[in-house]
Amino acid sequence: MKIKTPFLLLLTITTGLWVAQLSALDIAELSHLQQRWAEVNYQLEGKIQLTAFAQLAQESTELTRTDSNSAEAWIWSGIIKSTYAGAKGGLGALGLAKEAKADLETAMKLDADALDGSSYTSLGTLYHSVPGWPIGFGDDKKAEELLLKAITLNPQGIDSNYFYGTFLLDEKRYDNAEQYLLQAQQAPARPSRSVADSGRQIEISEALEILSRKR
């Protein structure tokens, strides 16, 4: 049994230091998106959460329109839409998943390594979570290629390790899954990301419990 939601995993991606060319306004707007994302994802539920995600998705879209050359803005737009799709669930969320895919592909064209390669983690998780043809674009082979690239770029990251670990768990490669989940559990805390880190650590513990039961 897969541990992800019926349609999409809830995403959060490790963010590194903002690149030097970002303006102070860009930094403030991106910081707002990531902080609000963590609050909506981990502290809200039900209709209130969905309404908040819809608002946040609109804000992220507006940021990509005003700062279309920022890979970081496109990454966060993709993350937010992916997570919104996961919360919404069902085939009705496929449109959001396709929008997220397009956003992340745009980010990769601008700067594939931005935010420690977060676009690889997000896009890889989408390929793993979305149904395959003819319904969606899901492809586990492509997913693993992207998730492994994310590990290469951010070998100690909490999210790069967590999402590859859950991929391996879904694939019943339990020994390898444990390795990456434990690495995620030991990842260093991220400055100003306490809500996201706390939520992710709970998910890591849950994944390890599932792994223990399946062995």
# chains A, B, ... in the order shown; residues from 1 in each chain; ligands from 1
call {"tool": "residues_around", "arguments": {"residues": "Gly157 of chain A", "least_positions_apart": "2", "cutoff": "10 Å", "atoms": "only C-alpha atoms", "output": "ChimeraX atom specification"}}
result
/A:13-16,116,118,150-151,153-155,159-162,183-190
call {"tool": "atom_distance", "arguments": {"atom1": "atom CA of Ser68 of chain A", "atom2": "atom CA of Ala196 of chain A"}}
result
26.0 Å
call {"tool": "select_by_dssp", "arguments": {"residues": "segment 2-121 of chain A", "states": "alpha helix (DSSP H)", "output": "PDB file with C-alpha atoms, in the first residue's frame"}}
result
ATOM      1  CA  ALA A  24      15.006  42.289  -1.363  1.00  0.00           C
ATOM      2  CA  LEU A  25      11.383  42.335  -2.558  1.00  0.00           C
ATOM      3  CA  ASP A  26      11.809  38.967  -4.279  1.00  0.00           C
ATOM      4  CA  ILE A  27      13.264  37.487  -1.104  1.00  0.00           C
ATOM      5  CA  ALA A  28      10.410  38.829   1.019  1.00  0.00           C
ATOM      6  CA  GLU A  29       7.748  37.506  -1.357  1.00  0.00           C
ATOM      7  CA  LEU A  30       9.351  34.074  -1.628  1.00  0.00           C
ATOM      8  CA  SER A  31       9.797  33.893   2.123  1.00  0.00           C
ATOM      9  CA  HIS A  32       6.105  34.697   2.550  1.00  0.00           C
ATOM     10  CA  LEU A  33       5.126  31.902   0.145  1.00  0.00           C
ATOM     11  CA  GLN A  34       7.201  29.261   1.883  1.00  0.00           C
ATOM     12  CA  GLN A  35       6.135  30.289   5.380  1.00  0.00           C
ATOM     13  CA  ARG A  36       2.466  30.478   4.448  1.00  0.00           C
ATOM     14  CA  TRP A  37       2.754  27.158   2.605  1.00  0.00           C
ATOM     15  CA  ALA A  38       3.954  25.437   5.785  1.00  0.00           C
ATOM     16  CA  GLU A  39       1.125  26.939   7.836  1.00  0.00           C
ATOM     17  CA  VAL A  40      -1.546  25.924   5.333  1.00  0.00           C
ATOM     18  CA  ASN A  41      -0.129  22.448   4.767  1.00  0.00           C
ATOM     19  CA  TYR A  42       0.525  21.464   8.369  1.00  0.00           C
ATOM     20  CA  GLN A  43      -1.791  23.601  10.483  1.00  0.00           C
ATOM     21  CA  GLY A  46     -10.653  20.592   5.364  1.00  0.00           C
ATOM     22  CA  LYS A  47     -12.357  23.396   3.476  1.00  0.00           C
ATOM     23  CA  ILE A  48     -10.354  26.068   5.282  1.00  0.00           C
ATOM     24  CA  GLN A  49      -7.154  24.485   4.019  1.00  0.00           C
ATOM     25  CA  LEU A  50      -8.413  24.207   0.446  1.00  0.00           C
ATOM     26  CA  THR A  51      -9.508  27.837   0.422  1.00  0.00           C
ATOM     27  CA  ALA A  52      -6.117  28.902   1.749  1.00  0.00           C
ATOM     28  CA  PHE A  53      -4.310  26.821  -0.859  1.00  0.00           C
ATOM     29  CA  ALA A  54      -6.385  28.381  -3.636  1.00  0.00           C
ATOM     30  CA  GLN A  55      -5.406  31.860  -2.438  1.00  0.00           C
ATOM     31  CA  LEU A  56      -1.755  30.903  -2.116  1.00  0.00           C
ATOM     32  CA  ALA A  57      -1.725  29.371  -5.605  1.00  0.00           C
ATOM     33  CA  GLN A  58      -3.058  32.651  -6.979  1.00  0.00           C
ATOM     34  CA  GLU A  59      -0.357  34.603  -5.161  1.00  0.00           C
ATOM     35  CA  SER A  60       2.354  32.324  -6.537  1.00  0.00           C
ATOM     36  CA  THR A  61       0.999  32.683 -10.074  1.00  0.00           C
ATOM     37  CA  GLU A  62       1.030  36.462  -9.740  1.00  0.00           C
ATOM     38  CA  LEU A  63       4.657  36.350  -8.602  1.00  0.00           C
ATOM     39  CA  THR A  64       5.707  34.351 -11.670  1.00  0.00           C
ATOM     40  CA  ARG A  65       3.994  36.947 -13.861  1.00  0.00           C
ATOM     41  CA  THR A  66       5.820  39.863 -12.271  1.00  0.00           C
ATOM     42  CA  ALA A  71      13.525  30.110 -11.115  1.00  0.00           C
ATOM     43  CA  GLU A  72      12.783  30.284  -7.394  1.00  0.00           C
ATOM     44  CA  ALA A  73       9.375  31.854  -8.007  1.00  0.00           C
ATOM     45  CA  TRP A  74       8.473  29.148 -10.530  1.00  0.00           C
ATOM     46  CA  ILE A  75       9.633  26.421  -8.134  1.00  0.00           C
ATOM     47  CA  TRP A  76       7.425  27.679  -5.343  1.00  0.00           C
ATOM     48  CA  SER A  77       4.487  28.072  -7.691  1.00  0.00           C
ATOM     49  CA  GLY A  78       4.950  24.428  -8.656  1.00  0.00           C
ATOM     50  CA  ILE A  79       5.280  23.302  -5.044  1.00  0.00           C
ATOM     51  CA  ILE A  80       2.129  25.128  -3.966  1.00  0.00           C
ATOM     52  CA  LYS A  81       0.017  23.854  -6.856  1.00  0.00           C
ATOM     53  CA  SER A  82       1.278  20.307  -6.328  1.00  0.00           C
ATOM     54  CA  THR A  83       0.391  20.382  -2.676  1.00  0.00           C
ATOM     55  CA  TYR A  84      -2.972  21.952  -3.396  1.00  0.00           C
ATOM     56  CA  ALA A  85      -3.657  19.096  -5.806  1.00  0.00           C
ATOM     57  CA  GLY A  86      -2.701  16.596  -3.113  1.00  0.00           C
ATOM     58  CA  ALA A  87      -5.067  18.190  -0.619  1.00  0.00           C
ATOM     59  CA  LYS A  88      -7.856  18.389  -3.187  1.00  0.00           C
ATOM     60  CA  LEU A  94      -5.057  16.623 -12.448  1.00  0.00           C
ATOM     61  CA  GLY A  95      -5.283  20.112 -13.919  1.00  0.00           C
ATOM     62  CA  LEU A  96      -3.391  21.526 -10.950  1.00  0.00           C
ATOM     63  CA  ALA A  97      -0.770  18.799 -11.298  1.00  0.00           C
ATOM     64  CA  LYS A  98      -0.259  19.689 -14.952  1.00  0.00           C
ATOM     65  CA  GLU A  99       0.113  23.363 -14.037  1.00  0.00           C
ATOM     66  CA  ALA A 100       2.664  22.431 -11.380  1.00  0.00           C
ATOM     67  CA  LYS A 101       4.600  20.332 -13.898  1.00  0.00           C
ATOM     68  CA  ALA A 102       4.725  23.244 -16.340  1.00  0.00           C
ATOM     69  CA  ASP A 103       5.908  25.618 -13.609  1.00  0.00           C
ATOM     70  CA  LEU A 104       8.682  23.272 -12.513  1.00  0.00           C
ATOM     71  CA  GLU A 105       9.818  22.665 -16.074  1.00  0.00           C
ATOM     72  CA  THR A 106      10.012  26.433 -16.556  1.00  0.00           C
ATOM     73  CA  ALA A 107      12.128  26.701 -13.416  1.00  0.00           C
ATOM     74  CA  MET A 108      14.497  24.027 -14.684  1.00  0.00           C
ATOM     75  CA  LYS A 109      14.984  25.872 -17.962  1.00  0.00           C
ATOM     76  CA  LEU A 110      15.901  29.022 -16.045  1.00  0.00           C
ATOM     77  CA  ASP A 111      18.135  27.393 -13.418  1.00  0.00           C
ATOM     78  CA  ALA A 114      18.081  26.635  -7.967  1.00  0.00           C
ATOM     79  CA  LEU A 115      17.146  26.028  -4.336  1.00  0.00           C
ATOM     80  CA  ASP A 116      19.484  23.042  -4.144  1.00  0.00           C
ATOM     81  CA  GLY A 117      17.784  21.330  -7.070  1.00  0.00           C
ATOM     82  CA  SER A 118      14.296  21.518  -5.572  1.00  0.00           C
ATOM     83  CA  SER A 119      12.685  21.382  -9.010  1.00  0.00           C
ATOM     84  CA  TYR A 120      14.059  17.851  -9.456  1.00  0.00           C
ATOM     85  CA  THR A 121      12.527  16.703  -6.171  1.00  0.00           C
TER      86      THR A 121
END
call {"tool": "closest_residue", "arguments": {"among": "A:Ile135, A:Val195, A:Leu91, A:Leu211", "to": "Arg173 of chain A", "atoms": "only C-alpha atoms"}}
result
A:Leu211
